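What's in target.csv: CSV, C-alpha atoms
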chain,number,residue,atom,x,y,z
A,1499,MET,CA,10.1,-0.4,-18.3
A,1500,ASN,CA,8.0,1.7,-16.1
A,1501,LEU,CA,5.8,1.2,-13.0
A,1502,GLN,CA,2.7,2.8,-14.5
A,1503,GLU,CA,2.6,0.2,-17.3
A,1504,TYR,CA,3.2,-2.6,-14.8
A,1505,PHE,CA,0.4,-1.2,-12.6
A,1506,GLN,CA,-1.9,-1.1,-15.5
A,1507,ARG,CA,-1.1,-4.8,-16.3
A,1508,ILE,CA,-2.0,-6.0,-12.8
A,1509,GLY,CA,-4.9,-3.6,-12.3
A,1510,PHE,CA,-3.4,-1.7,-9.4
A,1511,HIS,CA,-4.9,1.8,-9.0
A,1512,GLY,CA,-3.9,2.6,-5.4
A,1513,SER,CA,-1.5,5.0,-3.8
A,1514,TYR,CA,2.2,4.1,-3.7
A,1515,ASP,CA,3.7,7.2,-2.2
A,1516,LYS,CA,5.4,5.3,0.6
A,1517,PRO,CA,6.9,1.7,0.7
A,1518,ASP,CA,4.7,0.3,3.5
A,1519,LEU,CA,3.2,-3.1,4.2
A,1520,ALA,CA,-0.3,-2.1,3.1
A,1521,THR,CA,0.9,-1.0,-0.3
A,1522,MET,CA,3.0,-4.1,-0.9
A,1523,THR,CA,0.1,-6.3,0.2
A,1524,LEU,CA,-2.2,-4.7,-2.4
A,1525,ILE,CA,0.3,-5.0,-5.2
A,1526,HIS,CA,1.2,-8.6,-4.3
A,1527,LYS,CA,-2.5,-9.6,-4.4
A,1528,GLN,CA,-3.1,-7.8,-7.7
A,1529,HIS,CA,-0.2,-9.5,-9.2
A,1530,VAL,CA,-1.3,-13.0,-8.3
A,1531,MET,CA,-4.8,-12.3,-9.5
A,1532,SER,CA,-3.7,-10.9,-12.8
A,1533,VAL,CA,-0.5,-12.7,-13.9
A,1534,PRO,CA,-0.8,-16.5,-14.5
A,1535,PHE,CA,1.7,-19.0,-13.2
A,1536,GLU,CA,2.5,-20.8,-16.4
A,1537,ASN,CA,5.2,-22.6,-18.3
A,1538,LEU,CA,3.6,-22.6,-21.8
A,1539,SER,CA,6.6,-21.1,-23.5
A,1540,ILE,CA,8.5,-24.3,-23.0
A,1541,HIS,CA,5.7,-26.2,-24.8
A,1542,CYS,CA,5.6,-23.6,-27.6
A,1543,GLY,CA,9.2,-24.2,-28.7
A,1544,GLU,CA,10.4,-21.0,-26.9
A,1545,ARG,CA,13.0,-20.4,-24.3
A,1546,ASN,CA,12.5,-18.7,-20.9
A,1547,VAL,CA,15.5,-16.3,-20.4
A,1548,MET,CA,16.6,-14.6,-17.2
A,1549,ASP,CA,16.6,-11.1,-18.7
A,1550,LEU,CA,14.5,-8.6,-16.9
A,1551,GLU,CA,13.5,-6.6,-20.0
A,1552,VAL,CA,12.5,-9.7,-21.9
A,1553,ILE,CA,10.4,-10.8,-18.9
A,1554,TYR,CA,8.9,-7.4,-18.6
A,1555,ASN,CA,7.9,-7.4,-22.3
A,1556,LYS,CA,6.5,-10.9,-22.0
A,1557,ILE,CA,4.4,-10.4,-18.9
A,1558,VAL,CA,3.5,-6.7,-19.0
A,1559,ARG,CA,3.3,-5.9,-22.7
A,1560,SER,CA,2.3,-9.3,-24.1
A,1561,SER,CA,-0.1,-10.1,-21.3
A,1562,ARG,CA,1.5,-13.4,-20.6
A,1563,GLY,CA,2.3,-15.1,-17.4
A,1564,GLY,CA,5.5,-16.9,-16.3
A,1565,TRP,CA,7.0,-19.2,-13.8
A,1566,CYS,CA,8.7,-18.1,-10.5
A,1567,LEU,CA,12.0,-17.2,-12.1
A,1568,GLU,CA,10.2,-14.7,-14.3
A,1569,SER,CA,7.3,-13.4,-12.2
A,1570,ASN,CA,9.1,-13.0,-8.9
A,1571,PHE,CA,12.1,-11.4,-10.7
A,1572,LEU,CA,9.7,-8.9,-12.2
A,1573,PHE,CA,7.9,-8.4,-8.8
A,1574,ASN,CA,11.3,-7.8,-7.1
A,1575,TRP,CA,12.1,-5.1,-9.7
A,1576,ALA,CA,8.8,-3.4,-9.0
A,1577,LEU,CA,9.3,-3.4,-5.3
A,1578,ARG,CA,12.8,-2.0,-5.6
A,1579,GLU,CA,11.5,0.7,-7.9
A,1580,LEU,CA,9.0,1.6,-5.2
A,1581,GLY,CA,11.8,1.9,-2.6
A,1582,TYR,CA,11.4,-1.4,-0.7
A,1583,ASP,CA,14.3,-3.2,0.9
A,1584,THR,CA,14.3,-6.5,-0.9
A,1585,THR,CA,16.6,-9.6,-1.0
A,1586,MET,CA,16.1,-12.4,-3.4
A,1587,LEU,CA,16.3,-15.9,-1.9
A,1588,GLY,CA,16.5,-19.4,-3.3
A,1589,SER,CA,14.1,-22.2,-2.1
A,1590,ARG,CA,13.9,-25.9,-2.5
A,1591,VAL,CA,10.4,-27.2,-3.4
A,1592,PHE,CA,9.2,-30.2,-1.4
A,1593,ASP,CA,9.0,-33.4,-3.6
A,1594,ARG,CA,5.7,-35.1,-2.7
A,1595,ASP,CA,6.9,-38.2,-4.5
A,1596,THR,CA,10.2,-38.8,-2.6
A,1597,LYS,CA,9.0,-36.8,0.5
A,1598,VAL,CA,12.2,-34.8,0.7
A,1599,PHE,CA,13.5,-31.3,-0.2
A,1600,PRO,CA,15.8,-31.8,-3.2
A,1601,ALA,CA,19.2,-30.0,-3.4
A,1602,LEU,CA,18.3,-27.7,-6.3
A,1603,GLU,CA,17.1,-24.2,-5.4
A,1604,ALA,CA,14.4,-24.2,-8.1
A,1605,HIS,CA,12.1,-21.5,-6.7
A,1606,LEU,CA,12.9,-17.8,-6.4
A,1607,ILE,CA,11.3,-15.9,-3.5
A,1608,ILE,CA,11.8,-12.5,-2.0
A,1609,LYS,CA,12.5,-11.3,1.5
A,1610,VAL,CA,11.2,-7.7,2.2
A,1611,VAL,CA,12.1,-5.7,5.3
A,1612,ILE,CA,9.7,-2.9,6.3
A,1613,ASP,CA,10.2,-0.9,9.4
A,1614,GLY,CA,12.5,-3.5,10.8
A,1615,LYS,CA,10.2,-6.4,10.2
A,1616,ALA,CA,10.9,-9.1,7.6
A,1617,TYR,CA,8.2,-10.5,5.2
A,1618,LEU,CA,8.2,-13.3,2.6
A,1619,ALA,CA,6.8,-12.3,-0.8
A,1620,ASP,CA,6.1,-14.9,-3.5
A,1621,VAL,CA,3.7,-14.1,-6.4
A,1622,SER,CA,4.5,-17.2,-8.5
A,1623,PHE,CA,4.0,-20.6,-7.0
A,1624,GLY,CA,0.5,-21.2,-8.3
A,1625,VAL,CA,-2.5,-23.4,-7.5
A,1626,SER,CA,-3.5,-24.1,-3.9
A,1627,SER,CA,0.0,-23.3,-2.5
A,1628,GLN,CA,-0.1,-19.7,-3.7
A,1629,ILE,CA,0.0,-17.0,-1.0
A,1630,TRP,CA,-2.1,-14.0,-1.9
A,1631,GLU,CA,-0.4,-11.7,0.5
A,1632,PRO,CA,3.1,-11.5,2.0
A,1633,LEU,CA,3.8,-13.6,5.0
A,1634,GLU,CA,5.4,-12.3,8.2
A,1635,LEU,CA,8.8,-14.0,8.5
A,1636,ILE,CA,8.2,-15.3,12.0
A,1637,SER,CA,8.4,-18.9,13.2
A,1638,GLY,CA,5.4,-20.9,14.2
A,1639,LYS,CA,2.7,-18.3,13.6
A,1640,ASP,CA,-0.5,-19.3,11.8
A,1641,GLN,CA,-1.2,-16.9,9.0
A,1642,PRO,CA,-4.6,-17.6,7.4
A,1643,GLN,CA,-5.2,-16.7,3.8
A,1644,GLY,CA,-7.6,-17.8,1.1
A,1645,ALA,CA,-6.0,-21.2,0.4
A,1646,GLY,CA,-5.8,-22.1,4.1
A,1647,VAL,CA,-3.4,-21.5,7.0
A,1648,PHE,CA,0.2,-20.9,6.1
A,1649,ARG,CA,3.0,-21.3,8.6
A,1650,LEU,CA,6.7,-20.7,8.6
A,1651,ASN,CA,8.9,-22.8,10.8
A,1652,GLU,CA,12.5,-22.0,11.6
A,1653,LYS,CA,14.7,-25.0,12.0
A,1654,GLY,CA,18.3,-23.9,12.6
A,1655,ASP,CA,19.2,-21.7,9.7
A,1656,VAL,CA,16.5,-23.3,7.5
A,1657,TRP,CA,13.0,-22.0,7.2
A,1658,VAL,CA,10.1,-24.3,6.1
A,1659,LEU,CA,6.9,-23.0,4.6
A,1660,GLU,CA,3.9,-25.3,5.1
A,1661,LYS,CA,0.1,-25.0,4.6
A,1662,THR,CA,-2.9,-26.6,6.3
A,1663,GLY,CA,-5.8,-26.7,3.9
A,1664,ARG,CA,-9.4,-28.0,4.1
A,1665,LYS,CA,-11.2,-31.1,3.1
A,1666,LEU,CA,-11.8,-31.5,-0.6
A,1667,GLU,CA,-15.0,-32.0,-2.6
A,1668,VAL,CA,-14.5,-33.3,-6.2
A,1669,LEU,CA,-17.6,-32.7,-8.2
A,1670,ASN,CA,-16.8,-34.9,-11.2
A,1671,PRO,CA,-16.7,-38.6,-10.1
A,1672,ASP,CA,-14.3,-39.3,-13.0
A,1673,PHE,CA,-11.6,-37.3,-11.1
A,1674,ALA,CA,-12.4,-38.6,-7.6
A,1675,LYS,CA,-9.0,-40.5,-7.6
A,1676,SER,CA,-7.1,-38.1,-9.8
A,1677,SER,CA,-3.4,-37.8,-9.0
A,1678,LEU,CA,-3.8,-34.0,-9.2
A,1679,VAL,CA,-5.8,-34.0,-6.0
A,1680,ASP,CA,-3.9,-34.3,-2.7
A,1681,ARG,CA,-6.2,-35.0,0.2
A,1682,LYS,CA,-3.6,-34.6,2.9
A,1683,LEU,CA,-4.5,-31.5,4.9
A,1684,THR,CA,-1.0,-30.3,5.9
A,1685,ASN,CA,1.9,-30.2,3.5
A,1686,PRO,CA,5.4,-28.7,3.3
A,1687,ILE,CA,5.7,-26.4,0.3
A,1688,TYR,CA,9.4,-25.3,0.3
A,1689,CYS,CA,12.4,-24.6,2.5
A,1690,PHE,CA,15.0,-21.8,2.3
A,1691,THR,CA,17.7,-20.0,4.1
A,1692,LEU,CA,18.2,-16.3,4.3
A,1693,GLU,CA,21.4,-16.4,2.3
A,1694,PRO,CA,21.0,-13.7,-0.4
A,1695,ARG,CA,20.9,-14.7,-4.0
A,1696,GLU,CA,21.6,-12.7,-7.2
A,1697,ILE,CA,19.8,-13.4,-10.4
A,1698,ASN,CA,22.8,-15.1,-11.9
A,1699,ASN,CA,22.5,-17.8,-9.3
A,1700,PHE,CA,19.4,-18.9,-11.2
A,1701,PHE,CA,20.7,-19.0,-14.7
A,1702,ASP,CA,21.7,-22.7,-14.6
A,1703,THR,CA,18.5,-23.6,-12.7
A,1704,SER,CA,16.4,-21.9,-15.5
A,1705,ASP,CA,18.2,-23.9,-18.2
A,1706,LYS,CA,17.9,-27.2,-16.2
A,1707,LEU,CA,14.2,-26.8,-15.5
A,1708,GLN,CA,13.3,-26.3,-19.1
A,1709,THR,CA,15.5,-29.0,-20.6
A,1710,ASP,CA,15.8,-31.8,-18.1
A,1711,PRO,CA,13.5,-34.7,-19.1
A,1712,ARG,CA,12.8,-35.3,-15.4
A,1713,SER,CA,11.7,-31.8,-14.8
A,1714,LEU,CA,8.1,-31.1,-13.9
A,1715,PHE,CA,8.0,-28.2,-16.4
A,1716,THR,CA,9.1,-30.3,-19.4
A,1717,ASN,CA,6.7,-33.1,-18.5
A,1718,LYS,CA,3.5,-31.0,-17.8
A,1719,SER,CA,2.1,-27.9,-19.4
A,1720,ILE,CA,0.6,-25.7,-16.7
A,1721,CYS,CA,-1.3,-22.5,-16.6
A,1722,ALA,CA,-2.9,-21.3,-13.3
A,1723,LEU,CA,-4.5,-18.1,-12.2
A,1724,GLN,CA,-5.8,-17.0,-8.8
A,1725,ASN,CA,-9.2,-15.3,-8.4
A,1726,PRO,CA,-11.0,-13.9,-5.3
A,1727,SER,CA,-12.8,-17.2,-4.7
A,1728,GLY,CA,-10.0,-19.7,-5.5
A,1729,PHE,CA,-8.1,-20.4,-8.7
A,1730,ARG,CA,-8.4,-22.0,-12.1
A,1731,VAL,CA,-5.8,-24.2,-13.7
A,1732,LEU,CA,-5.1,-26.1,-16.9
A,1733,VAL,CA,-2.7,-29.1,-16.6
A,1734,GLY,CA,-2.2,-30.9,-19.9
A,1735,TRP,CA,-5.8,-31.5,-21.0
A,1736,ILE,CA,-7.4,-31.3,-17.6
A,1737,TYR,CA,-9.1,-28.0,-16.7
A,1738,SER,CA,-10.0,-27.3,-13.1
A,1739,GLU,CA,-11.8,-24.5,-11.3
A,1740,VAL,CA,-11.3,-24.6,-7.5
A,1741,THR,CA,-13.5,-22.7,-5.1
A,1742,TYR,CA,-12.5,-22.0,-1.6
A,1743,LYS,CA,-15.3,-22.3,1.0
A,1744,PRO,CA,-13.7,-21.7,4.3
A,1745,GLU,CA,-17.1,-21.1,6.0
A,1746,GLU,CA,-17.9,-24.8,5.1
A,1747,GLY,CA,-14.4,-26.0,5.8
A,1748,ALA,CA,-14.1,-27.3,2.2
A,1749,ASP,CA,-12.5,-26.6,-1.2
A,1750,VAL,CA,-14.7,-27.6,-4.2
A,1751,PHE,CA,-12.9,-29.0,-7.3
A,1752,ASP,CA,-14.7,-28.8,-10.6
A,1753,MET,CA,-12.6,-30.8,-13.0
A,1754,ARG,CA,-13.0,-31.8,-16.7
A,1755,ASN,CA,-11.1,-32.9,-19.7
A,1756,VAL,CA,-10.8,-30.5,-22.6
A,1757,THR,CA,-9.9,-31.0,-26.3
A,1758,ASP,CA,-7.2,-29.5,-28.4
A,1759,ASP,CA,-9.9,-27.5,-30.2
A,1760,GLU,CA,-10.9,-25.8,-26.9
A,1761,ILE,CA,-7.5,-24.7,-25.8
A,1762,GLU,CA,-7.0,-21.4,-27.6
A,1763,ARG,CA,-10.4,-20.1,-26.5
A,1764,LEU,CA,-10.0,-21.4,-23.0
A,1765,LEU,CA,-6.6,-19.8,-22.5
A,1766,TRP,CA,-8.0,-16.4,-23.6
A,1767,GLU,CA,-11.3,-16.5,-21.7
A,1768,LYS,CA,-10.0,-18.0,-18.5
A,1769,PHE,CA,-6.4,-16.8,-18.3
A,1770,ASN,CA,-6.3,-13.8,-20.6
A,1771,VAL,CA,-3.4,-15.5,-22.4
A,1772,LYS,CA,-2.9,-15.4,-26.2
A,1773,LEU,CA,0.1,-17.4,-27.5
A,1774,GLN,CA,2.1,-16.5,-30.6
A,1775,ASN,CA,3.4,-20.0,-31.4
A,1776,LYS,CA,1.6,-23.4,-31.5
A,1777,LEU,CA,1.2,-25.0,-28.1
A,1778,GLN,CA,1.9,-28.7,-27.7
A,1779,LEU,CA,0.1,-29.7,-24.4
A,1780,SER,CA,1.9,-32.2,-22.2
A,1781,ASP,CA,0.7,-34.3,-19.3
A,1782,LYS,CA,3.4,-37.0,-18.8
A,1783,LYS,CA,3.4,-39.0,-15.6
A,1784,THR,CA,5.2,-37.0,-12.9
A,1785,CYS,CA,4.1,-36.0,-9.4
A,1786,TYR,CA,2.1,-32.8,-9.3
A,1787,THR,CA,-0.9,-31.7,-7.3
A,1788,ILE,CA,-3.1,-28.7,-7.6
In structure tokens, how does this file's structure come out?
Amino acid sequence: MNLQEYFQRIGFHGSYDKPDLATMTLIHKQHVMSVPFENLSIHCGERNVMDLEVIYNKIVRSSRGGWCLESNFLFNWALRELGYDTTMLGSRVFDRDTKVFPALEAHLIIKVVIDGKAYLADVSFGVSSQIWEPLELISGKDQPQGAGVFRLNEKGDVWVLEKTGRKLEVLNPDFAKSSLVDRKLTNPIYCFTLEPREINNFFDTSDKLQTDPRSLFTNKSICALQNPSGFRVLVGWIYSEVTYKPEEGADVFDMRNVTDDEIERLLWEKFNVKLQNKLQLSDKKTCYTI
């Protein structure tokens, strides 16, 4: 494991001689633009393990993506190698079906302190809720990014991340009422406390998320990758390219169905992902929006 190999994987060619905000911002953005948010291993008969060297080999050397427990774990390692003051945190992802934050801390995030100021780093949430750059950990401040305006609100000892997006334009009329499309402009994303977490706090979570028949990740195969104009995502057999158009106050969704015969080429051409084992796509009924 070495930083140069990681930097090559994410296409980072800048200076990193001091652990400042500008450097972390560049590396954060390169990571989300290069490493897909994906759970395809689960649907290839493989197991995701909370071992940093295994994750490094998967993402860096095998040009795969990963889910938050892998990608943010790797990003935390890179930041610490660079000399950043980081703390791993656990967050509870808002359930848009039940309209509550469940008890399980299913999402790993990172607090980074630079020159006495705290920031939230998260390179692996995916789709339209993905931050491209770290957020200042300050309550009530609008922080505009590509996907919309992100906002952190402190409520007692709990912080809530929310996003206000734009109106949606769905090009393909067949998907005008797709459950993948959420037309509500402002949505909570997740909540968290500043209680530090160690990686072993996520071992049981990792097992549960990839075995529980009620888990999003066992029900849907997902591969998503950010790009400078938006993101692309494959959910089951539905492929979408989303273009952010803030100057028009809209996001454009270009959605279509794909066949099994297209999948291998699509994963390589659109996500730079090549799988070793046979993928069994899944799109069972469970609440998920892109």
Residue nearest Val1530 of chain A - candidates A:Ile1720, A:Ile1788, A:Met1548, A:Val1625, atoms counted: only C-alpha atoms: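 Of the candidates, the smallest distance to Val1530 of chain A is held by A:Val1625.
Comparing A:Glu1767, A:Glu1568, A:Glu1631, A:Glu1503 by their smallest distance to Phe1535 of chain A, the closest is A:Glu1568 (using only C-alpha atoms).
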To one decimal place, how far is atom CA of Gln1708 of chain A from atom CA of Asp1549 of chain A in Å? 15.6 Å
Segment 1635-1646 of chain A surroundings by only C-alpha atoms, 6 Å radius, close-in-sequence under 3 positions cut, as a PyMOL selection string: chain A and resi 1616-1618+1626+1649-1652+1662-1663
Could you pull the residues within 9 Å of Arg1545 of chain A, counting all atoms listed in the file, minus those fewer than 5 positions along the same chain, as a PyMOL selection string? chain A and resi 1539-1540+1705+1708
Would you kindly place N, CA and C atoms on segment 1708-1724 of chain A and return the model as a PDB file, keeping the file's coordinate frame?
ATOM      1  N   GLN A1708      13.969 -26.279 -17.834  1.00  0.00           N
ATOM      2  CA  GLN A1708      13.300 -26.300 -19.100  1.00  0.00           C
ATOM      3  C   GLN A1708      13.890 -27.254 -20.143  1.00  0.00           C
ATOM      4  N   THR A1709      14.906 -28.030 -19.715  1.00  0.00           N
ATOM      5  CA  THR A1709      15.500 -29.000 -20.600  1.00  0.00           C
ATOM      6  C   THR A1709      15.616 -30.407 -20.043  1.00  0.00           C
ATOM      7  N   ASP A1710      15.680 -30.521 -18.736  1.00  0.00           N
ATOM      8  CA  ASP A1710      15.800 -31.800 -18.100  1.00  0.00           C
ATOM      9  C   ASP A1710      14.560 -32.660 -18.311  1.00  0.00           C
ATOM     10  N   PRO A1711      14.675 -33.855 -18.888  1.00  0.00           N
ATOM     11  CA  PRO A1711      13.500 -34.700 -19.100  1.00  0.00           C
ATOM     12  C   PRO A1711      12.788 -35.136 -17.840  1.00  0.00           C
ATOM     13  N   ARG A1712      13.447 -34.974 -16.700  1.00  0.00           N
ATOM     14  CA  ARG A1712      12.800 -35.300 -15.400  1.00  0.00           C
ATOM     15  C   ARG A1712      12.126 -34.137 -14.770  1.00  0.00           C
ATOM     16  N   SER A1713      12.282 -32.962 -15.339  1.00  0.00           N
ATOM     17  CA  SER A1713      11.700 -31.800 -14.800  1.00  0.00           C
ATOM     18  C   SER A1713      10.181 -31.753 -14.872  1.00  0.00           C
ATOM     19  N   LEU A1714       9.519 -31.265 -13.825  1.00  0.00           N
ATOM     20  CA  LEU A1714       8.100 -31.100 -13.900  1.00  0.00           C
ATOM     21  C   LEU A1714       7.665 -30.259 -15.079  1.00  0.00           C
ATOM     22  N   PHE A1715       8.450 -29.229 -15.379  1.00  0.00           N
ATOM     23  CA  PHE A1715       8.000 -28.200 -16.400  1.00  0.00           C
ATOM     24  C   PHE A1715       8.216 -28.754 -17.822  1.00  0.00           C
ATOM     25  N   THR A1716       9.064 -29.732 -18.036  1.00  0.00           N
ATOM     26  CA  THR A1716       9.100 -30.300 -19.400  1.00  0.00           C
ATOM     27  C   THR A1716       8.083 -31.426 -19.531  1.00  0.00           C
ATOM     28  N   ASN A1717       7.607 -31.979 -18.420  1.00  0.00           N
ATOM     29  CA  ASN A1717       6.700 -33.100 -18.500  1.00  0.00           C
ATOM     30  C   ASN A1717       5.194 -32.626 -18.486  1.00  0.00           C
ATOM     31  N   LYS A1718       4.921 -31.483 -17.888  1.00  0.00           N
ATOM     32  CA  LYS A1718       3.500 -31.000 -17.800  1.00  0.00           C
ATOM     33  C   LYS A1718       3.432 -29.554 -18.257  1.00  0.00           C
ATOM     34  N   SER A1719       2.457 -29.279 -19.105  1.00  0.00           N
ATOM     35  CA  SER A1719       2.100 -27.900 -19.400  1.00  0.00           C
ATOM     36  C   SER A1719       1.119 -27.398 -18.402  1.00  0.00           C
ATOM     37  N   ILE A1720       1.412 -26.226 -17.812  1.00  0.00           N
ATOM     38  CA  ILE A1720       0.600 -25.700 -16.700  1.00  0.00           C
ATOM     39  C   ILE A1720       0.287 -24.252 -16.913  1.00  0.00           C
ATOM     40  N   CYS A1721      -0.954 -23.890 -16.646  1.00  0.00           N
ATOM     41  CA  CYS A1721      -1.300 -22.500 -16.600  1.00  0.00           C
ATOM     42  C   CYS A1721      -2.359 -22.320 -15.509  1.00  0.00           C
ATOM     43  N   ALA A1722      -2.030 -21.493 -14.503  1.00  0.00           N
ATOM     44  CA  ALA A1722      -2.900 -21.300 -13.300  1.00  0.00           C
ATOM     45  C   ALA A1722      -3.037 -19.857 -13.007  1.00  0.00           C
ATOM     46  N   LEU A1723      -4.237 -19.490 -12.561  1.00  0.00           N
ATOM     47  CA  LEU A1723      -4.500 -18.100 -12.200  1.00  0.00           C
ATOM     48  C   LEU A1723      -5.415 -18.034 -10.992  1.00  0.00           C
ATOM     49  N   GLN A1724      -5.006 -17.233 -10.025  1.00  0.00           N
ATOM     50  CA  GLN A1724      -5.800 -17.000  -8.800  1.00  0.00           C
ATOM     51  C   GLN A1724      -6.994 -16.115  -9.115  1.00  0.00           C
TER      52      GLN A1724
END
